[in-house]
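structure.txt follows (compact mmCIF, C-alpha atoms):
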```txt
# COMPACT_ATOMS: atom_id res chain seq x y z
CA MET A 1227 2.58 24.98 17.41
CA THR A 1228 5.89 23.63 16.11
CA SER A 1229 6.20 21.81 12.82
CA GLY A 1230 8.78 19.61 11.16
CA LEU A 1231 10.93 17.06 12.96
CA ALA A 1232 10.56 18.76 16.35
CA HIS A 1233 6.76 18.47 16.13
CA TYR A 1234 6.79 14.73 15.41
CA LEU A 1235 9.38 14.06 18.10
CA ASP A 1236 7.23 15.95 20.59
CA VAL A 1237 4.07 14.10 19.54
CA ALA A 1238 5.76 10.70 19.84
CA THR A 1239 7.40 11.52 23.16
CA ARG A 1240 4.10 12.56 24.71
CA PHE A 1241 2.38 9.52 23.21
CA GLN A 1242 4.89 7.15 24.81
CA ALA A 1243 4.80 8.93 28.18
CA GLU A 1244 1.02 8.45 28.30
CA ARG A 1245 1.50 4.70 27.71
CA ALA A 1246 4.31 4.03 30.15
CA ASP A 1247 2.48 0.96 31.49
CA ALA A 1248 2.84 -0.94 28.18
CA PRO A 1249 4.47 -4.40 28.19
CA VAL A 1250 8.25 -4.19 28.42
CA TRP A 1251 8.88 -5.55 24.90
CA LEU A 1252 6.41 -3.11 23.32
CA LYS A 1253 7.72 -0.17 25.32
CA ARG A 1254 11.26 -0.95 24.18
CA LEU A 1255 10.15 -1.29 20.57
CA ARG A 1256 8.49 2.15 20.66
CA GLU A 1257 11.41 3.82 22.41
CA GLU A 1258 14.01 2.36 20.06
CA ALA A 1259 11.89 3.41 17.07
CA LEU A 1260 11.74 6.96 18.40
CA ARG A 1261 15.53 7.02 18.73
CA GLN A 1262 15.84 5.76 15.15
CA PHE A 1263 13.44 8.40 13.89
CA GLU A 1264 15.33 11.16 15.66
CA ARG A 1265 18.62 9.83 14.25
CA GLN A 1266 17.36 9.64 10.65
CA GLY A 1267 15.21 12.77 10.65
CA LEU A 1268 12.83 13.69 7.87
CA PRO A 1269 14.19 12.81 4.43
CA THR A 1270 14.88 15.36 1.69
CA PRO A 1271 15.38 15.03 -2.10
CA ARG A 1272 19.12 15.07 -1.36
CA ASP A 1273 18.67 11.53 -0.02
CA GLU A 1274 18.93 9.09 -2.91
CA GLU A 1275 15.91 7.08 -1.74
CA TRP A 1276 13.80 10.27 -1.81
CA LYS A 1277 15.31 11.91 -4.87
CA TYR A 1278 12.01 12.42 -6.65
CA THR A 1279 9.77 13.11 -3.66
CA SER A 1280 9.78 16.02 -1.24
CA VAL A 1281 8.04 15.50 2.09
CA ALA A 1282 7.82 19.25 2.66
CA PRO A 1283 3.99 19.02 3.04
CA VAL A 1284 4.51 16.52 5.88
CA GLU A 1285 7.04 18.80 7.49
CA ALA A 1286 5.11 22.04 7.04
CA ARG A 1287 1.82 21.14 8.67
CA PRO A 1288 1.41 19.96 12.27
CA PHE A 1289 -0.88 16.95 12.67
CA SER A 1290 -2.73 15.74 15.76
CA LEU A 1291 -3.04 12.18 17.00
CA PRO A 1292 -6.44 10.48 16.69
CA ARG A 1293 -9.02 11.45 19.32
CA GLU A 1294 -12.16 9.74 20.51
CA LEU A 1295 -14.33 8.29 17.76
CA VAL A 1296 -17.33 10.34 16.66
CA GLY A 1297 -19.99 8.48 14.68
CA SER A 1298 -21.28 9.79 11.37
CA ALA A 1299 -23.95 8.72 8.90
CA ASP A 1300 -21.68 9.84 6.07
CA VAL A 1301 -19.03 7.36 7.22
CA ALA A 1302 -21.56 4.52 7.27
CA ALA A 1303 -22.54 5.36 3.69
CA GLU A 1304 -18.88 5.40 2.65
CA VAL A 1305 -18.32 1.98 4.22
CA ALA A 1306 -21.31 0.60 2.33
CA ARG A 1307 -19.90 2.02 -0.91
CA LEU A 1308 -16.38 0.69 -0.42
CA SER A 1309 -16.96 -2.75 1.09
CA SER A 1310 -18.92 -5.91 0.51
CA ALA A 1311 -20.24 -8.80 2.56
CA GLY A 1312 -17.62 -10.57 4.62
CA PRO A 1313 -15.27 -9.85 7.51
CA ARG A 1314 -14.00 -6.30 7.87
CA LEU A 1315 -12.46 -3.83 10.29
CA VAL A 1316 -13.24 -0.13 9.90
CA PHE A 1317 -11.14 2.73 11.27
CA VAL A 1318 -12.28 6.35 11.19
CA ASP A 1319 -9.69 9.08 11.70
CA GLY A 1320 -7.37 6.46 13.12
CA ARG A 1321 -9.83 4.91 15.59
CA LEU A 1322 -11.65 1.59 15.33
CA ASP A 1323 -15.37 1.87 14.68
CA SER A 1324 -16.71 -1.41 16.05
CA SER A 1325 -20.26 -0.55 14.98
CA LEU A 1326 -19.21 -0.66 11.31
CA SER A 1327 -16.85 -3.62 11.65
CA VAL A 1328 -17.91 -7.21 10.97
CA LEU A 1329 -16.01 -10.11 12.53
CA GLY A 1330 -18.57 -12.87 12.13
CA GLY A 1331 -18.26 -15.68 9.61
CA LEU A 1332 -14.52 -16.18 9.93
CA PRO A 1333 -13.41 -19.69 8.98
CA ARG A 1334 -12.12 -21.91 11.76
CA GLY A 1335 -8.46 -21.19 12.34
CA MET A 1336 -8.52 -17.56 11.11
CA THR A 1337 -7.97 -14.71 13.57
CA LEU A 1338 -8.90 -11.13 12.68
CA LYS A 1339 -8.80 -8.48 15.37
CA PRO A 1340 -7.70 -4.91 16.09
CA LEU A 1341 -3.98 -4.71 16.74
CA ARG A 1342 -4.68 -3.00 20.06
CA ASP A 1343 -6.36 -6.21 21.27
CA ALA A 1344 -3.73 -8.46 19.70
CA LEU A 1345 -0.96 -6.64 21.54
CA ARG A 1346 -2.63 -7.87 24.72
CA ASP A 1347 -3.95 -11.29 23.64
CA ASP A 1348 -1.35 -12.48 21.11
CA GLU A 1349 1.80 -11.09 22.63
CA ALA A 1350 3.88 -14.22 21.99
CA VAL A 1351 3.18 -14.18 18.24
CA LEU A 1352 3.54 -10.44 17.76
CA ALA A 1353 6.77 -10.22 19.76
CA GLU A 1354 8.35 -12.51 17.15
CA VAL A 1355 7.16 -10.76 13.98
CA LEU A 1356 6.32 -7.15 14.80
CA GLY A 1357 9.01 -4.88 13.41
CA GLN A 1358 11.02 -7.79 12.00
CA ARG A 1359 10.01 -7.27 8.37
CA ALA A 1360 9.66 -3.48 8.34
CA ARG A 1361 12.62 -2.32 10.41
CA ALA A 1362 12.71 1.09 12.05
CA GLU A 1363 16.43 1.56 11.49
CA ALA A 1364 16.00 1.31 7.71
CA HIS A 1365 13.26 3.88 7.12
CA PRO A 1366 12.32 7.14 8.89
CA PHE A 1367 8.57 6.78 8.45
CA VAL A 1368 8.59 3.13 9.48
CA ALA A 1369 10.38 4.36 12.61
CA LEU A 1370 7.71 7.03 13.19
CA ASN A 1371 4.97 4.44 12.72
CA ALA A 1372 6.62 2.14 15.28
CA ALA A 1373 7.16 4.99 17.73
CA LEU A 1374 3.39 5.60 17.63
CA LEU A 1375 2.44 1.92 17.45
CA GLU A 1376 -0.96 1.26 18.96
CA ASP A 1377 -3.71 0.48 16.50
CA GLY A 1378 -4.17 -1.41 13.29
CA VAL A 1379 -4.99 -4.96 12.26
CA PHE A 1380 -3.79 -8.45 13.15
CA LEU A 1381 -4.66 -11.24 10.71
CA ARG A 1382 -3.52 -14.78 11.40
CA LEU A 1383 -4.23 -17.76 9.17
CA GLY A 1384 -3.79 -21.11 10.83
CA ARG A 1385 -2.23 -24.05 9.06
CA GLY A 1386 -4.23 -25.03 5.97
CA VAL A 1387 -6.90 -22.34 6.44
CA ARG A 1388 -8.61 -21.14 3.27
CA GLY A 1389 -10.42 -17.82 3.42
CA GLU A 1390 -13.31 -17.79 0.97
CA ALA A 1391 -14.41 -14.14 1.32
CA PRO A 1392 -11.82 -11.34 1.14
CA VAL A 1393 -10.80 -9.81 4.46
CA GLN A 1394 -11.44 -6.06 4.23
CA VAL A 1395 -9.73 -3.30 6.18
CA LEU A 1396 -10.97 0.28 5.71
CA PHE A 1397 -9.16 3.39 6.93
CA LEU A 1398 -11.38 6.44 6.47
CA SER A 1399 -10.85 10.14 7.17
CA ARG A 1400 -13.62 12.68 7.60
CA ALA A 1401 -13.68 16.21 6.23
CA GLY A 1402 -13.41 19.08 8.66
CA GLY A 1403 -11.90 19.19 12.10
CA GLU A 1404 -8.24 18.69 12.93
CA ALA A 1405 -5.70 17.27 10.53
CA VAL A 1406 -5.09 13.80 11.94
CA LEU A 1407 -1.92 11.72 11.83
CA SER A 1408 -2.94 8.07 11.54
CA SER A 1409 -0.28 5.37 12.00
CA PRO A 1410 -1.92 1.99 11.37
CA ARG A 1411 0.13 -1.20 11.44
CA VAL A 1412 -1.25 -4.24 9.61
CA VAL A 1413 0.34 -7.55 10.60
CA VAL A 1414 -0.37 -10.74 8.63
CA VAL A 1415 0.89 -14.17 9.64
CA ALA A 1416 -0.08 -16.94 7.19
CA GLU A 1417 0.93 -20.39 8.36
CA GLU A 1418 1.81 -23.35 6.15
CA GLY A 1419 -0.67 -24.11 3.38
CA SER A 1420 -3.04 -21.24 4.19
CA GLU A 1421 -4.62 -18.92 1.63
CA ALA A 1422 -6.53 -15.62 1.76
CA THR A 1423 -7.21 -12.27 0.12
CA LEU A 1424 -6.68 -9.05 2.07
CA VAL A 1425 -8.02 -5.71 0.84
CA GLU A 1426 -6.73 -2.47 2.40
CA THR A 1427 -8.75 0.62 1.44
CA TYR A 1428 -7.80 4.19 2.31
CA ALA A 1429 -10.46 6.80 1.57
CA GLY A 1430 -12.18 9.95 2.79
CA ALA A 1431 -12.15 13.68 2.24
CA GLY A 1432 -10.16 14.72 5.30
CA ALA A 1433 -6.85 16.61 5.27
CA SER A 1434 -5.21 13.60 6.89
CA PHE A 1435 -1.67 12.25 7.05
CA THR A 1436 -1.70 8.46 6.84
CA ASN A 1437 1.60 6.76 7.64
CA THR A 1438 0.87 3.07 7.28
CA VAL A 1439 3.02 -0.06 7.52
CA THR A 1440 2.03 -3.61 6.56
CA GLU A 1441 4.08 -6.67 7.51
CA VAL A 1442 3.38 -10.04 5.88
CA THR A 1443 4.93 -13.36 6.89
CA LEU A 1444 4.09 -16.31 4.65
CA GLY A 1445 4.81 -19.86 5.75
CA ASP A 1446 5.69 -22.67 3.37
CA ASN A 1447 3.15 -23.13 0.58
CA ALA A 1448 1.03 -20.23 1.87
CA SER A 1449 -0.69 -17.79 -0.48
CA LEU A 1450 -1.85 -14.21 -0.04
CA ASN A 1451 -3.49 -11.85 -2.51
CA HIS A 1452 -3.06 -8.31 -1.22
CA VAL A 1453 -5.03 -5.44 -2.74
CA LYS A 1454 -4.40 -1.84 -1.69
CA LEU A 1455 -6.82 0.82 -2.90
CA GLN A 1456 -5.86 4.40 -2.03
CA VAL A 1457 -8.53 6.94 -2.98
CA GLU A 1458 -8.04 9.63 -0.33
CA GLY A 1459 -9.02 13.27 -0.80
CA ASP A 1460 -7.18 16.06 -2.57
CA ALA A 1461 -5.70 17.44 0.67
CA ALA A 1462 -4.52 14.10 2.07
CA LEU A 1463 -0.94 12.90 2.49
CA HIS A 1464 -0.25 9.18 2.29
CA LEU A 1465 2.95 7.24 2.97
CA GLY A 1466 2.71 3.45 2.86
CA VAL A 1467 5.26 0.67 3.26
CA LEU A 1468 4.64 -3.06 2.83
CA HIS A 1469 7.20 -5.74 3.67
CA SER A 1470 6.65 -9.42 2.93
CA ARG A 1471 8.69 -12.55 3.63
CA LEU A 1472 7.96 -15.58 1.45
CA GLY A 1473 8.54 -19.11 2.68
CA ARG A 1474 9.22 -22.18 0.52
CA ASP A 1475 6.78 -22.54 -2.39
CA SER A 1476 4.71 -19.61 -1.12
CA ARG A 1477 2.86 -17.15 -3.34
CA PHE A 1478 2.40 -13.45 -2.78
CA ALA A 1479 0.57 -11.05 -5.11
CA SER A 1480 0.39 -7.32 -4.47
CA HIS A 1481 -2.06 -5.14 -6.40
CA ALA A 1482 -1.55 -1.47 -5.49
CA PHE A 1483 -3.86 1.25 -6.83
CA ASN A 1484 -3.02 4.83 -5.98
CA LEU A 1485 -5.69 7.19 -7.25
CA GLY A 1486 -5.95 9.85 -4.54
CA ALA A 1487 -4.09 12.19 -2.15
CA ALA A 1488 -2.04 15.29 -2.89
CA LEU A 1489 1.15 13.41 -2.03
CA ALA A 1490 1.31 9.62 -1.99
CA ARG A 1491 4.25 7.28 -1.80
CA ASN A 1492 3.79 3.52 -1.85
CA GLU A 1493 6.61 1.05 -1.21
CA VAL A 1494 6.45 -2.72 -1.61
CA HIS A 1495 9.33 -4.92 -0.45
CA ALA A 1496 9.42 -8.69 -0.91
CA ALA A 1497 12.11 -11.10 0.30
CA PHE A 1498 12.33 -14.76 -0.69
CA ALA A 1499 13.29 -16.90 2.30
CA GLY A 1500 12.60 -20.32 0.74
CA GLU A 1501 13.02 -21.93 -2.66
CA GLY A 1502 10.15 -22.10 -5.12
CA GLY A 1503 8.51 -18.84 -4.10
CA ASP A 1504 6.42 -16.82 -6.53
CA CYS A 1505 5.86 -13.06 -6.22
CA THR A 1506 3.75 -10.74 -8.36
CA LEU A 1507 3.87 -6.98 -7.87
CA ASN A 1508 1.33 -4.97 -9.84
CA GLY A 1509 0.66 -1.27 -9.47
CA LEU A 1510 -1.34 1.52 -11.09
CA PHE A 1511 -1.16 5.21 -10.27
CA VAL A 1512 -3.41 7.82 -11.84
CA GLY A 1513 -2.66 11.49 -11.18
CA GLN A 1514 -4.29 14.78 -12.12
CA GLY A 1515 -3.85 18.41 -11.18
CA THR A 1516 -0.72 18.75 -9.05
CA GLN A 1517 -0.75 15.30 -7.49
CA HIS A 1518 2.58 13.66 -6.70
CA LEU A 1519 2.54 9.84 -6.76
CA ASP A 1520 5.72 7.92 -5.97
CA HIS A 1521 6.16 4.14 -6.13
CA ARG A 1522 9.13 2.02 -5.05
CA THR A 1523 9.53 -1.73 -5.16
CA ASP A 1524 12.32 -3.96 -3.89
CA LEU A 1525 12.50 -7.66 -4.69
CA ASP A 1526 15.19 -9.64 -2.88
CA HIS A 1527 15.95 -12.98 -4.54
CA ALA A 1528 18.09 -14.47 -1.77
CA VAL A 1529 17.49 -18.17 -2.51
CA PRO A 1530 17.40 -20.31 -5.69
CA ARG A 1531 14.50 -21.14 -8.00
CA CYS A 1532 12.12 -18.28 -7.28
CA THR A 1533 10.00 -16.32 -9.74
CA SER A 1534 8.92 -12.69 -9.73
CA ARG A 1535 6.80 -10.66 -12.12
CA GLU A 1536 6.36 -6.92 -11.82
CA LEU A 1537 4.23 -4.49 -13.82
CA TYR A 1538 3.63 -0.87 -12.82
CA LYS A 1539 1.71 1.64 -14.91
CA GLY A 1540 1.16 5.37 -14.51
CA VAL A 1541 -1.39 7.68 -16.11
CA LEU A 1542 -0.69 11.37 -15.54
CA ASP A 1543 -2.55 14.49 -16.59
CA GLY A 1544 -2.37 18.20 -15.77
CA ARG A 1545 0.81 18.98 -13.84
CA ALA A 1546 0.87 15.67 -12.01
CA HIS A 1547 4.21 14.07 -11.24
CA GLY A 1548 4.78 10.33 -10.98
CA ALA A 1549 7.81 8.30 -10.02
CA PHE A 1550 8.67 4.62 -10.16
CA HIS A 1551 11.87 3.06 -8.83
CA GLY A 1552 11.97 -0.71 -8.86
CA ARG A 1553 14.92 -2.81 -7.82
CA VAL A 1554 15.38 -6.54 -8.31
CA ARG A 1555 18.34 -7.97 -6.45
CA VAL A 1556 19.55 -11.49 -7.29
CA ARG A 1557 22.05 -12.69 -4.72
CA GLU A 1558 25.04 -14.88 -5.46
CA ASN A 1559 23.41 -18.15 -4.40
CA ALA A 1560 20.03 -17.44 -6.02
CA GLN A 1561 20.57 -19.57 -9.13
CA ARG A 1562 17.65 -20.36 -11.46
CA THR A 1563 15.96 -17.07 -10.63
CA ASP A 1564 13.31 -15.90 -13.12
CA ALA A 1565 12.52 -12.20 -12.78
CA ARG A 1566 10.83 -9.66 -15.06
CA GLN A 1567 10.16 -6.02 -14.30
CA THR A 1568 8.25 -3.53 -16.44
CA SER A 1569 7.26 0.12 -16.00
CA ARG A 1570 4.92 1.79 -18.52
CA ASN A 1571 3.69 5.34 -18.27
CA LEU A 1572 1.20 7.43 -20.20
CA LEU A 1573 1.34 11.22 -20.21
CA LEU A 1574 -1.88 13.00 -21.17
CA SER A 1575 -0.60 16.58 -21.04
CA GLU A 1576 2.50 18.57 -21.91
CA THR A 1577 3.10 19.46 -18.26
CA ALA A 1578 2.74 16.01 -16.68
CA GLN A 1579 5.98 14.19 -15.93
CA VAL A 1580 7.22 10.85 -14.69
CA ASP A 1581 10.56 9.46 -13.55
CA ALA A 1582 10.99 5.72 -14.17
CA ARG A 1583 14.01 3.78 -12.90
CA PRO A 1584 13.86 -0.01 -13.20
CA GLN A 1585 16.98 -1.58 -11.74
CA LEU A 1586 18.58 -5.04 -11.76
CA GLU A 1587 21.40 -6.13 -9.47
CA ILE A 1588 22.50 -9.63 -10.47
CA PHE A 1589 25.23 -11.57 -8.67
CA ALA A 1590 24.32 -15.06 -9.95
CA ASP A 1591 25.02 -16.45 -13.42
CA ASP A 1592 22.22 -19.00 -14.04
CA VAL A 1593 19.24 -16.63 -14.18
CA LYS A 1594 16.57 -15.24 -16.50
CA CYS A 1595 16.08 -11.56 -15.77
CA ALA A 1596 14.71 -8.67 -17.79
CA HIS A 1597 13.53 -5.15 -17.16
CA GLY A 1598 12.27 -2.18 -19.13
CA ALA A 1599 10.57 1.17 -18.93
CA ALA A 1600 8.53 3.26 -21.35
CA VAL A 1601 7.07 6.76 -21.21
CA GLY A 1602 4.87 8.07 -24.00
CA ARG A 1603 1.63 9.54 -25.22
CA LEU A 1604 -1.45 8.05 -26.82
CA ASP A 1605 -0.81 6.30 -30.12
CA GLU A 1606 -1.90 8.59 -32.95
CA ASN A 1607 -2.51 5.60 -35.25
CA ALA A 1608 -4.87 4.06 -32.71
CA LEU A 1609 -6.63 7.41 -32.32
CA PHE A 1610 -6.98 7.71 -36.10
CA TYR A 1611 -8.43 4.19 -36.31
CA LEU A 1612 -11.08 4.96 -33.68
CA ARG A 1613 -11.93 8.31 -35.26
CA SER A 1614 -12.32 6.65 -38.64
CA ARG A 1615 -15.05 4.54 -37.00
CA GLY A 1616 -17.05 7.63 -36.06
CA ILE A 1617 -15.70 8.16 -32.53
CA ASP A 1618 -14.72 11.73 -31.70
CA ARG A 1619 -11.19 12.45 -30.49
CA ALA A 1620 -12.08 13.09 -26.83
CA GLN A 1621 -13.95 9.81 -26.54
CA ALA A 1622 -11.20 7.94 -28.41
CA GLU A 1623 -8.60 9.29 -25.97
CA GLN A 1624 -10.74 8.19 -23.05
CA LEU A 1625 -11.18 4.69 -24.45
CA LEU A 1626 -7.47 4.22 -25.08
CA THR A 1627 -6.54 5.57 -21.66
CA HIS A 1628 -8.96 3.25 -19.93
CA ALA A 1629 -7.71 0.28 -21.95
CA PHE A 1630 -4.13 1.11 -20.91
CA ALA A 1631 -5.04 1.21 -17.22
CA SER A 1632 -7.50 -1.67 -17.11
CA GLU A 1633 -4.79 -4.32 -17.64
CA LEU A 1634 -3.89 -3.91 -13.97
CA VAL A 1635 -7.52 -4.15 -12.90
CA ARG A 1636 -7.94 -7.43 -14.77
CA ALA A 1637 -5.01 -8.85 -12.78
CA VAL A 1638 -7.05 -8.57 -9.55
CA PRO A 1639 -8.88 -11.82 -8.68
CA GLU A 1640 -12.33 -11.75 -10.23
CA GLY A 1641 -15.27 -10.81 -8.04
CA ASN A 1642 -16.49 -7.88 -5.97
CA VAL A 1643 -12.96 -6.70 -5.22
CA ARG A 1644 -12.15 -6.28 -8.90
CA ALA A 1645 -15.51 -4.59 -9.50
CA ARG A 1646 -14.81 -2.05 -6.76
CA VAL A 1647 -11.37 -1.25 -8.09
CA GLU A 1648 -12.92 -0.77 -11.54
CA ALA A 1649 -15.57 1.52 -10.08
CA MET A 1650 -12.97 3.68 -8.32
CA LEU A 1651 -10.90 3.87 -11.50
CA ALA A 1652 -14.00 4.95 -13.43
CA LEU A 1653 -14.40 7.91 -11.08
CA LYS A 1654 -10.80 8.92 -11.70
CA LEU A 1655 -10.55 8.48 -15.47
CA PRO A 1656 -13.02 10.67 -17.40
CA GLY A 1657 -15.11 8.68 -19.82
CA ALA A 1658 -14.41 5.30 -18.28
CA PRO A 1659 -17.42 2.99 -18.04
CA ARG A 1660 -19.42 3.28 -14.80
CA LEU A 1661 -20.15 0.01 -13.03
CA GLU A 1662 -22.87 -0.82 -10.55
CA VAL A 1663 -21.33 -2.63 -7.58
CA THR A 1664 -23.38 -4.85 -5.33
CA ALA A 1665 -22.48 -6.29 -1.97
```
Could I get this structure in the form of structure tokens?
Amino acid sequence: MTSGLAHYLDVATRFQAERADAPVWLKRLREEALRQFERQGLPTPRDEEWKYTSVAPVEARPFSLPRELVGSADVAAEVARLSSAGPRLVFVDGRLDSSLSVLGGLPRGMTLKPLRDALRDDEAVLAEVLGQRARAEAHPFVALNAALLEDGVFLRLGRGVRGEAPVQVLFLSRAGGEAVLSSPRVVVVAEEGSEATLVETYAGAGASFTNTVTEVTLGDNASLNHVKLQVEGDAALHLGVLHSRLGRDSRFASHAFNLGAALARNEVHAAFAGEGGDCTLNGLFVGQGTQHLDHRTDLDHAVPRCTSRELYKGVLDGRAHGAFHGRVRVRENAQRTDARQTSRNLLLSETAQVDARPQLEIFADDVKCAHGAAVGRLDENALFYLRSRGIDRAQAEQLLTHAFASELVRAVPEGNVRARVEAMLALKLPGAPRLEVTA
């Protein structure tokens, strides 16, 4: 079996040939995305955007497309561990598991359905937004995702709708069997004055390749809290891209937690399309062994009087490698912009490393902007203080490490979602407090 670019081109070509009866607009979208992917090819560290991350593991191993769903008691137990009461969609090895999904109890005016169904039932809405935020011509793996576009999630919030319970989306991979390439697309359309919380969770022990894209469109005065929890297995590969467009006076908060996978890259892009918008980008990555965790953010202040706050933290041990590249662009007409960007990183071993590159591009003169980055080790004075209180060094290190990371957990809206993030972090950081999580 071939690998590399030729393999993915062959997989996508066969996929599209088997779905030749798709609607004309969708067929064209897939075909154009395939052309864009072939034109761009697989990136290398020679490409500036991929300077710190090699996708050689993606290129080296051939992956198969999802096959028919096979039920498993282990999957049901994992869903119970990772979710709580409320609406949810569950995908296993790239396929929807309707038996584990819950669509009851949605507030009036909220639509939650598999993307496969939405492509048939909500064609008018999707034809306007699908691929308009995350564009295939700008990113090779967005192009690959679009070339294989079929399944995922469609969430629509009608005007003024308030979602009380978080909407949960789980993408799980099972151990054993073929290495599966999963290409979910999550599409969120929040109309004027609506508000909700969306939780995307990626987990499982399979040797999977998850190439996921999320597109968020916020109307005027809409609000979305987005939580992404990535806790995939040691053999998994994960590439994720999120694009959001903020309307006037809208609010978007992204909380990204990358704790798993051998190779993971998470990108968050936010563009202000109306004045008065507010955007918060928070992220935490925790790596051990030989994990490689890459994070990129891009904030586009294109209109006046918008605010953005960004805090990313990394905790790296063993020979783990982390990377953060954040760019804040303030365009010429975006006066009265208020933007702050911070990257802080903690190295727990002599062989761990991190590359941090905060970046400001300012073309307006009436702004308040700041950025900074720090890389260091545990504070010896703080360790001495704890040890003087009878705490041994190992436990003191664990307490300080957990305190460093937990700032990002506290930023998640209080409730079961925060408790689950805390529980996953406790499994990753030795010595962190274990929490009992209830549905």
**OP:** Kindly extract all protein, DNA and RNA residues lying within 9 Å of the coordinates (8.1, 15.0, 12.9) given in the file, considering all atoms listed in the file, and supply them as a list in words.
**Re:** Ser1229, Gly1230, Leu1231, Ala1232, His1233, Tyr1234, Leu1235, Asp1236, Val1237, Ala1238, Phe1263, Glu1264, Gly1267, Leu1268, Val1284, Glu1285, Pro1288 and Leu1370 of chain A
Original post:
Using all atoms listed in the file, which residue out of A:Ser1280, A:Thr1516, A:Asn1642, A:Asn1484 lies closest to A:Thr1577?
Top reply: A:Thr1516
**OP:** Between A:Asp1319, A:Glu1421, A:Asp1520, A:Glu1501, single out the one closest to A:Val1467, counting all atoms listed in the file.
**Re:** A:Asp1520
Original post:
A:Ser1290, A:Gln1358, A:Gln1514, A:Ser1614: which is nearest A:Ser1409, counting only C-alpha atoms?
Top reply: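 For A:Ser1409, the nearest of the given residues is A:Ser1290.
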**OP:** For stretch 1629-1641 of chain A, work out the shell of residues within 9 Å, counting only C-alpha atoms and skipping chain neighbours fewer than 2 positions away, then give it as number ranges by chain.
**Re:** A: 1423, 1451, 1453, 1481, 1483, 1508-1512, 1537-1541, 1572, 1624-1627, 1643-1648, 1651
For the residues selected in the previous step, produce a file with C-alpha atoms as a PDB file, in the coordinates of the input.
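And here's part_11.pdb as it stands now:
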```
ATOM      1  CA  THR A1423      -7.210 -12.270   0.120  1.00  0.00           C
ATOM      2  CA  ASN A1451      -3.490 -11.850  -2.510  1.00  0.00           C
ATOM      3  CA  VAL A1453      -5.030  -5.440  -2.740  1.00  0.00           C
ATOM      4  CA  HIS A1481      -2.060  -5.140  -6.400  1.00  0.00           C
ATOM      5  CA  PHE A1483      -3.860   1.250  -6.830  1.00  0.00           C
ATOM      6  CA  ASN A1508       1.330  -4.970  -9.840  1.00  0.00           C
ATOM      7  CA  GLY A1509       0.660  -1.270  -9.470  1.00  0.00           C
ATOM      8  CA  LEU A1510      -1.340   1.520 -11.090  1.00  0.00           C
ATOM      9  CA  PHE A1511      -1.160   5.210 -10.270  1.00  0.00           C
ATOM     10  CA  VAL A1512      -3.410   7.820 -11.840  1.00  0.00           C
ATOM     11  CA  LEU A1537       4.230  -4.490 -13.820  1.00  0.00           C
ATOM     12  CA  TYR A1538       3.630  -0.870 -12.820  1.00  0.00           C
ATOM     13  CA  LYS A1539       1.710   1.640 -14.910  1.00  0.00           C
ATOM     14  CA  GLY A1540       1.160   5.370 -14.510  1.00  0.00           C
ATOM     15  CA  VAL A1541      -1.390   7.680 -16.110  1.00  0.00           C
ATOM     16  CA  LEU A1572       1.200   7.430 -20.200  1.00  0.00           C
ATOM     17  CA  GLN A1624     -10.740   8.190 -23.050  1.00  0.00           C
ATOM     18  CA  LEU A1625     -11.180   4.690 -24.450  1.00  0.00           C
ATOM     19  CA  LEU A1626      -7.470   4.220 -25.080  1.00  0.00           C
ATOM     20  CA  THR A1627      -6.540   5.570 -21.660  1.00  0.00           C
ATOM     21  CA  VAL A1643     -12.960  -6.700  -5.220  1.00  0.00           C
ATOM     22  CA  ARG A1644     -12.150  -6.280  -8.900  1.00  0.00           C
ATOM     23  CA  ALA A1645     -15.510  -4.590  -9.500  1.00  0.00           C
ATOM     24  CA  ARG A1646     -14.810  -2.050  -6.760  1.00  0.00           C
ATOM     25  CA  VAL A1647     -11.370  -1.250  -8.090  1.00  0.00           C
ATOM     26  CA  GLU A1648     -12.920  -0.770 -11.540  1.00  0.00           C
ATOM     27  CA  LEU A1651     -10.900   3.870 -11.500  1.00  0.00           C
TER      28      LEU A1651
END
```
Original post:
How many Å lie between atom CA of A:Leu1352 and atom CA of A:Leu1472, rounded to one decimal?
Top reply: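 These two atoms are separated by 17.7 Å.
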List every residue of stretch 1273-1373 of chain A that has an atom at most 12 Å from any atom of stretch 1245-1253 of chain A, giving for each one its closest atom pair and the distance in Å to one decimal, counting all atoms listed in the file, sorted by chain and then by ascending residue number, as a Markdown table.
```
| residue | atom | partner | partner_atom | distance |
| --- | --- | --- | --- | --- |
| A:Arg1342 | CA | A:Ala1248 | CA | 11.3 |
| A:Leu1345 | CA | A:Leu1252 | CA | 8.4 |
| A:Arg1346 | CA | A:Pro1249 | CA | 8.6 |
| A:Asp1347 | CA | A:Pro1249 | CA | 11.8 |
| A:Glu1349 | CA | A:Pro1249 | CA | 9.1 |
| A:Ala1350 | CA | A:Trp1251 | CA | 10.4 |
| A:Leu1352 | CA | A:Leu1252 | CA | 9.6 |
| A:Ala1353 | CA | A:Trp1251 | CA | 7.3 |
| A:Glu1354 | CA | A:Trp1251 | CA | 10.4 |
| A:Leu1356 | CA | A:Leu1252 | CA | 9.4 |
| A:Gly1357 | CA | A:Leu1252 | CA | 10.4 |
| A:Ala1372 | CA | A:Leu1252 | CA | 9.6 |
| A:Ala1373 | CA | A:Lys1253 | CA | 9.2 |
```
**OP:** Please provide the set of residues having any atom within 8 Å of A:Ser1470, restricted to only C-alpha atoms, with same-chain residues fewer than 3 positions apart removed, written as a list in words.
**Re:**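 Surrounding residues, per the criterion: Arg1359, Glu1441, Val1442, Thr1443, Leu1444, His1495, Ala1496 and Ala1497 of chain A.
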**OP:** Tell me which of A:Glu1390, A:Glu1576, A:Asp1591, A:Glu1304 sits closest to A:Leu1332, counting only C-alpha atoms.
**Re:** A:Glu1390
